[in-house]
file entry_7.pdb (PDB, N, CA and C atoms)
ATOM      1  N   MET A 185       0.860  -1.190   0.000
ATOM      2  CA  MET A 185       0.000   0.000   0.000
ATOM      3  C   MET A 185       0.893   1.236   0.000
ATOM      4  N   ASN A 186       0.607   2.171  -0.871
ATOM      5  CA  ASN A 186       1.409   3.390  -0.920
ATOM      6  C   ASN A 186       1.026   4.315   0.232
ATOM      7  N   LYS A 187       1.795   5.373   0.414
ATOM      8  CA  LYS A 187       1.560   6.295   1.537
ATOM      9  C   LYS A 187       0.189   6.959   1.446
ATOM     10  N   THR A 188      -0.250   7.274   0.245
ATOM     11  CA  THR A 188      -1.552   7.915   0.083
ATOM     12  C   THR A 188      -2.661   6.977   0.541
ATOM     13  N   GLY A 189      -2.612   5.719   0.145
ATOM     14  CA  GLY A 189      -3.609   4.733   0.559
ATOM     15  C   GLY A 189      -3.595   4.514   2.061
ATOM     16  N   LEU A 190      -2.410   4.470   2.655
ATOM     17  CA  LEU A 190      -2.289   4.298   4.098
ATOM     18  C   LEU A 190      -2.897   5.481   4.834
ATOM     19  N   PHE A 191      -2.643   6.693   4.333
ATOM     20  CA  PHE A 191      -3.213   7.891   4.964
ATOM     21  C   PHE A 191      -4.734   7.871   4.876
ATOM     22  N   LYS A 192      -5.280   7.485   3.733
ATOM     23  CA  LYS A 192      -6.729   7.438   3.573
ATOM     24  C   LYS A 192      -7.348   6.442   4.543
ATOM     25  N   GLN A 193      -6.704   5.284   4.734
ATOM     26  CA  GLN A 193      -7.217   4.290   5.677
ATOM     27  C   GLN A 193      -7.166   4.841   7.098
ATOM     28  N   TYR A 194      -6.073   5.505   7.457
ATOM     29  CA  TYR A 194      -5.936   6.105   8.792
ATOM     30  C   TYR A 194      -7.007   7.161   9.006
ATOM     31  N   GLU A 195      -7.269   7.971   7.997
ATOM     32  CA  GLU A 195      -8.263   9.029   8.098
ATOM     33  C   GLU A 195      -9.662   8.448   8.318
ATOM     34  N   LYS A 196      -9.991   7.348   7.639
ATOM     35  CA  LYS A 196     -11.290   6.714   7.825
ATOM     36  C   LYS A 196     -11.416   6.138   9.239
ATOM     37  N   THR A 197     -10.347   5.575   9.765
ATOM     38  CA  THR A 197     -10.369   4.949  11.081
ATOM     39  C   THR A 197     -10.476   5.981  12.188
ATOM     40  N   PHE A 198      -9.774   7.085  12.081
ATOM     41  CA  PHE A 198      -9.701   8.085  13.131
ATOM     42  C   PHE A 198     -10.326   9.404  12.695
ATOM     43  N   ARG A 199     -11.537   9.364  12.242
ATOM     44  CA  ARG A 199     -12.185  10.554  11.720
ATOM     45  C   ARG A 199     -12.752  11.459  12.815
ATOM     46  N   LEU A 200     -13.061  10.891  13.959
ATOM     47  CA  LEU A 200     -13.665  11.652  15.044
ATOM     48  C   LEU A 200     -12.675  12.650  15.626
ATOM     49  N   SER A 201     -13.110  13.876  15.762
ATOM     50  CA  SER A 201     -12.285  14.882  16.427
ATOM     51  C   SER A 201     -13.204  15.771  17.246
ATOM     52  N   LEU A 202     -12.650  16.383  18.258
ATOM     53  CA  LEU A 202     -13.432  17.232  19.143
ATOM     54  C   LEU A 202     -12.656  18.507  19.404
ATOM     55  N   SER A 203     -13.343  19.615  19.305
ATOM     56  CA  SER A 203     -12.766  20.913  19.652
ATOM     57  C   SER A 203     -13.624  21.518  20.746
ATOM     58  N   PHE A 204     -12.978  22.186  21.698
ATOM     59  CA  PHE A 204     -13.711  22.840  22.772
ATOM     60  C   PHE A 204     -13.496  24.336  22.654
ATOM     61  N   LEU A 205     -14.596  25.083  22.714
ATOM     62  CA  LEU A 205     -14.526  26.530  22.626
ATOM     63  C   LEU A 205     -15.151  27.129  23.876
ATOM     64  N   PHE A 206     -14.365  27.915  24.590
ATOM     65  CA  PHE A 206     -14.889  28.610  25.765
ATOM     66  C   PHE A 206     -15.701  29.812  25.310
ATOM     67  N   VAL A 207     -16.870  29.977  25.924
ATOM     68  CA  VAL A 207     -17.734  31.116  25.618
ATOM     69  C   VAL A 207     -18.112  31.795  26.928
ATOM     70  N   GLU A 208     -18.554  33.027  26.827
ATOM     71  CA  GLU A 208     -18.917  33.779  28.021
ATOM     72  C   GLU A 208     -20.251  33.311  28.591
ATOM     73  N   ASP A 209     -21.211  32.995  27.714
ATOM     74  CA  ASP A 209     -22.553  32.626  28.161
ATOM     75  C   ASP A 209     -23.050  31.430  27.349
ATOM     76  N   ALA A 210     -22.865  30.238  27.880
ATOM     77  CA  ALA A 210     -23.267  29.019  27.176
ATOM     78  C   ALA A 210     -24.780  28.955  26.990
ATOM     79  N   ASP A 211     -25.540  29.443  27.963
ATOM     80  CA  ASP A 211     -27.001  29.413  27.861
ATOM     81  C   ASP A 211     -27.495  30.261  26.694
ATOM     82  N   ALA A 212     -26.945  31.439  26.540
ATOM     83  CA  ALA A 212     -27.364  32.335  25.456
ATOM     84  C   ALA A 212     -27.010  31.744  24.094
ATOM     85  N   LEU A 213     -25.815  31.179  23.965
ATOM     86  CA  LEU A 213     -25.415  30.582  22.688
ATOM     87  C   LEU A 213     -26.263  29.356  22.376
ATOM     88  N   TYR A 214     -26.529  28.550  23.378
ATOM     89  CA  TYR A 214     -27.385  27.378  23.185
ATOM     90  C   TYR A 214     -28.771  27.808  22.696
ATOM     91  N   ALA A 215     -29.354  28.818  23.326
ATOM     92  CA  ALA A 215     -30.676  29.317  22.932
ATOM     93  C   ALA A 215     -30.656  29.837  21.495
ATOM     94  N   GLU A 216     -29.599  30.550  21.132
ATOM     95  CA  GLU A 216     -29.474  31.071  19.764
ATOM     96  C   GLU A 216     -29.405  29.934  18.755
ATOM     97  N   TYR A 217     -28.577  28.924  19.044
ATOM     98  CA  TYR A 217     -28.447  27.777  18.135
ATOM     99  C   TYR A 217     -29.758  26.997  18.046
ATOM    100  N   ALA A 218     -30.415  26.788  19.187
ATOM    101  CA  ALA A 218     -31.684  26.050  19.197
ATOM    102  C   ALA A 218     -32.733  26.776  18.356
ATOM    103  N   ALA A 219     -32.777  28.095  18.449
ATOM    104  CA  ALA A 219     -33.734  28.891  17.674
ATOM    105  C   ALA A 219     -33.483  28.771  16.172
ATOM    106  N   GLN A 220     -32.232  28.484  15.796
ATOM    107  CA  GLN A 220     -31.885  28.349  14.377
ATOM    108  C   GLN A 220     -31.990  26.904  13.892
ATOM    109  N   GLY A 221     -32.421  25.990  14.789
ATOM    110  CA  GLY A 221     -32.623  24.598  14.386
ATOM    111  C   GLY A 221     -31.395  23.719  14.427
ATOM    112  N   VAL A 222     -30.357  24.141  15.123
ATOM    113  CA  VAL A 222     -29.147  23.325  15.244
ATOM    114  C   VAL A 222     -29.472  22.048  16.007
ATOM    115  N   GLU A 223     -28.948  20.907  15.527
ATOM    116  CA  GLU A 223     -29.120  19.636  16.229
ATOM    117  C   GLU A 223     -27.955  19.451  17.191
ATOM    118  N   PHE A 224     -28.276  19.089  18.410
ATOM    119  CA  PHE A 224     -27.260  18.945  19.453
ATOM    120  C   PHE A 224     -26.909  17.477  19.664
ATOM    121  N   THR A 225     -25.610  17.213  19.777
ATOM    122  CA  THR A 225     -25.139  15.880  20.099
ATOM    123  C   THR A 225     -25.294  15.629  21.593
ATOM    124  N   ARG A 226     -25.077  16.659  22.375
ATOM    125  CA  ARG A 226     -25.319  16.624  23.823
ATOM    126  C   ARG A 226     -25.901  17.966  24.210
ATOM    127  N   GLY A 227     -27.015  17.930  24.886
ATOM    128  CA  GLY A 227     -27.689  19.154  25.285
ATOM    129  C   GLY A 227     -26.931  19.907  26.366
ATOM    130  N   LEU A 228     -27.420  21.083  26.643
ATOM    131  CA  LEU A 228     -26.808  21.964  27.629
ATOM    132  C   LEU A 228     -26.920  21.365  29.027
ATOM    133  N   GLY A 229     -25.818  21.398  29.752
ATOM    134  CA  GLY A 229     -25.843  20.871  31.117
ATOM    135  C   GLY A 229     -24.605  21.242  31.893
ATOM    136  N   ASN A 230     -24.709  21.105  33.205
ATOM    137  CA  ASN A 230     -23.561  21.330  34.099
ATOM    138  C   ASN A 230     -22.745  20.049  34.179
ATOM    139  N   MET A 231     -21.459  20.166  33.947
ATOM    140  CA  MET A 231     -20.569  19.014  33.956
ATOM    141  C   MET A 231     -19.833  18.902  35.298
ATOM    142  N   PRO A 232     -19.396  17.697  35.658
ATOM    143  CA  PRO A 232     -18.673  17.511  36.924
ATOM    144  C   PRO A 232     -17.363  18.304  36.998
ATOM    145  N   TRP A 233     -16.847  18.730  35.844
ATOM    146  CA  TRP A 233     -15.589  19.485  35.812
ATOM    147  C   TRP A 233     -15.843  20.991  35.866
ATOM    148  N   HIS A 234     -17.016  21.378  36.385
ATOM    149  CA  HIS A 234     -17.372  22.780  36.673
ATOM    150  C   HIS A 234     -17.474  23.659  35.436
ATOM    151  N   ARG A 235     -18.093  23.078  34.405
ATOM    152  CA  ARG A 235     -18.405  23.859  33.208
ATOM    153  C   ARG A 235     -19.840  23.570  32.800
ATOM    154  N   ARG A 236     -20.477  24.551  32.206
ATOM    155  CA  ARG A 236     -21.797  24.387  31.605
ATOM    156  C   ARG A 236     -21.556  24.340  30.109
ATOM    157  N   GLU A 237     -21.917  23.236  29.464
ATOM    158  CA  GLU A 237     -21.533  23.069  28.072
ATOM    159  C   GLU A 237     -22.541  22.247  27.285
ATOM    160  N   PHE A 238     -22.379  22.302  25.959
ATOM    161  CA  PHE A 238     -23.164  21.503  25.023
ATOM    162  C   PHE A 238     -22.281  21.151  23.841
ATOM    163  N   VAL A 239     -22.734  20.165  23.048
ATOM    164  CA  VAL A 239     -21.937  19.685  21.923
ATOM    165  C   VAL A 239     -22.813  19.614  20.675
ATOM    166  N   VAL A 240     -22.235  20.050  19.549
ATOM    167  CA  VAL A 240     -22.876  19.932  18.240
ATOM    168  C   VAL A 240     -21.914  19.195  17.311
ATOM    169  N   LYS A 241     -22.447  18.716  16.185
ATOM    170  CA  LYS A 241     -21.614  18.073  15.172
ATOM    171  C   LYS A 241     -21.662  18.936  13.931
ATOM    172  N   ASP A 242     -20.493  19.275  13.380
ATOM    173  CA  ASP A 242     -20.489  20.111  12.177
ATOM    174  C   ASP A 242     -20.774  19.268  10.932
ATOM    175  N   CYS A 243     -20.828  19.910   9.786
ATOM    176  CA  CYS A 243     -21.196  19.228   8.539
ATOM    177  C   CYS A 243     -20.176  18.174   8.107
ATOM    178  N   ASP A 244     -18.972  18.205   8.668
ATOM    179  CA  ASP A 244     -17.955  17.203   8.354
ATOM    180  C   ASP A 244     -17.872  16.114   9.423
ATOM    181  N   GLY A 245     -18.780  16.147  10.396
ATOM    182  CA  GLY A 245     -18.803  15.120  11.428
ATOM    183  C   GLY A 245     -17.931  15.392  12.630
ATOM    184  N   ARG A 246     -17.318  16.555  12.668
ATOM    185  CA  ARG A 246     -16.478  16.901  13.826
ATOM    186  C   ARG A 246     -17.349  17.397  14.970
ATOM    187  N   LEU A 247     -16.975  17.034  16.192
ATOM    188  CA  LEU A 247     -17.715  17.477  17.357
ATOM    189  C   LEU A 247     -17.156  18.821  17.844
ATOM    190  N   LEU A 248     -18.056  19.729  18.118
ATOM    191  CA  LEU A 248     -17.687  21.047  18.631
ATOM    192  C   LEU A 248     -18.393  21.233  19.962
ATOM    193  N   ALA A 249     -17.615  21.374  21.018
ATOM    194  CA  ALA A 249     -18.168  21.591  22.349
ATOM    195  C   ALA A 249     -18.001  23.068  22.700
ATOM    196  N   PHE A 250     -19.060  23.642  23.244
ATOM    197  CA  PHE A 250     -19.058  25.035  23.688
ATOM    198  C   PHE A 250     -19.376  25.046  25.168
ATOM    199  N   GLY A 251     -18.632  25.833  25.930
ATOM    200  CA  GLY A 251     -18.923  25.847  27.356
ATOM    201  C   GLY A 251     -18.357  27.054  28.056
ATOM    202  N   ALA A 252     -18.903  27.278  29.247
ATOM    203  CA  ALA A 252     -18.478  28.378  30.120
ATOM    204  C   ALA A 252     -18.181  27.811  31.492
ATOM    205  N   ASN A 253     -17.209  28.379  32.162
ATOM    206  CA  ASN A 253     -16.908  27.956  33.526
ATOM    207  C   ASN A 253     -18.053  28.330  34.444
ATOM    208  N   LEU A 254     -18.322  27.471  35.412
ATOM    209  CA  LEU A 254     -19.364  27.758  36.406
ATOM    210  C   LEU A 254     -18.770  28.555  37.545
TER     211      LEU A 254
END
call {"tool": "encode", "arguments": {"input": "entry_7.pdb", "output": "structure tokens"}}
result
Amino acid sequence: MNKTGLFKQYEKTFRLSLSFLFVEDADALYAEYAAQGVEFTRGLGNMPWHRREFVVKDCDGRLLAFGANL
């Protein structure tokens, strides 16, 4: 298998990625996204690590978490 084929196989296997973005007001952003029809992977909630956060999936399947410190 050439390097290009190996990279493509690796990319298919490990496609999941997650980015976390700190925001000032997670509740306000969640409400704005909900009003626009955004589908949530995980709804808004308080996490044990002292953040209020939610998760969405972008059009490429990447997970984007947004949260604010409690």
call {"tool": "residues_around", "arguments": {"input": "entry_7.pdb", "residues": "region 210-222 of chain A", "least_positions_apart": "4", "cutoff": "6 Å", "atoms": "all atoms listed in the file", "output": "number ranges by chain"}}
result
A: 236, 250-252
call {"tool": "closest_residue", "arguments": {"input": "entry_7.pdb", "among": "A:Arg235, A:Asn230, A:Asp209, A:Thr225", "to": "Leu254 (chain A)", "atoms": "only N, CA and C atoms"}}
result
A:Arg235
call {"tool": "atom_distance", "arguments": {"input": "entry_7.pdb", "atom1": "CA of Leu202 (chain A)", "atom2": "CA of Asp242 (chain A)"}}
result
10.3 Å
call {"tool": "resolve_selection", "arguments": {"input": "entry_7.pdb", "expression": "the PyMOL selection byres (((chain A and resi 238 and name CA) around 7) and name CA)", "output": "PyMOL selection string"}}
result
chain A and resi 226-229+237+239-240+249-251
call {"tool": "write_last_selection", "arguments": {"input": "entry_7.pdb", "atoms": "N, CA and C atoms", "output": "mmCIF file, in the frame of the given file"}}
result
data_model
loop_
_atom_site.group_PDB
_atom_site.id
_atom_site.type_symbol
_atom_site.label_atom_id
_atom_site.label_comp_id
_atom_site.auth_asym_id
_atom_site.auth_seq_id
_atom_site.Cartn_x
_atom_site.Cartn_y
_atom_site.Cartn_z
ATOM 1 N N ARG A 226 -25.077 16.659 22.375
ATOM 2 C CA ARG A 226 -25.319 16.624 23.823
ATOM 3 C C ARG A 226 -25.901 17.966 24.210
ATOM 4 N N GLY A 227 -27.015 17.930 24.886
ATOM 5 C CA GLY A 227 -27.689 19.154 25.285
ATOM 6 C C GLY A 227 -26.931 19.907 26.366
ATOM 7 N N LEU A 228 -27.420 21.083 26.643
ATOM 8 C CA LEU A 228 -26.808 21.964 27.629
ATOM 9 C C LEU A 228 -26.920 21.365 29.027
ATOM 10 N N GLY A 229 -25.818 21.398 29.752
ATOM 11 C CA GLY A 229 -25.843 20.871 31.117
ATOM 12 C C GLY A 229 -24.605 21.242 31.893
ATOM 13 N N GLU A 237 -21.917 23.236 29.464
ATOM 14 C CA GLU A 237 -21.533 23.069 28.072
ATOM 15 C C GLU A 237 -22.541 22.247 27.285
ATOM 16 N N VAL A 239 -22.734 20.165 23.048
ATOM 17 C CA VAL A 239 -21.937 19.685 21.923
ATOM 18 C C VAL A 239 -22.813 19.614 20.675
ATOM 19 N N VAL A 240 -22.235 20.050 19.549
ATOM 20 C CA VAL A 240 -22.876 19.932 18.240
ATOM 21 C C VAL A 240 -21.914 19.195 17.311
ATOM 22 N N ALA A 249 -17.615 21.374 21.018
ATOM 23 C CA ALA A 249 -18.168 21.591 22.349
ATOM 24 C C ALA A 249 -18.001 23.068 22.700
ATOM 25 N N PHE A 250 -19.060 23.642 23.244
ATOM 26 C CA PHE A 250 -19.058 25.035 23.688
ATOM 27 C C PHE A 250 -19.376 25.046 25.168
ATOM 28 N N GLY A 251 -18.632 25.833 25.930
ATOM 29 C CA GLY A 251 -18.923 25.847 27.356
ATOM 30 C C GLY A 251 -18.357 27.054 28.056
#
call {"tool": "atom_distance", "arguments": {"input": "entry_7.pdb", "atom1": "atom C of Cys243 (chain A)", "atom2": "CA of Val207 (chain A)"}}
result
21.9 Å
call {"tool": "atom_distance", "arguments": {"input": "entry_7.pdb", "atom1": "atom N of Lys241 (chain A)", "atom2": "atom C of Ser203 (chain A)"}}
result
10.3 Å
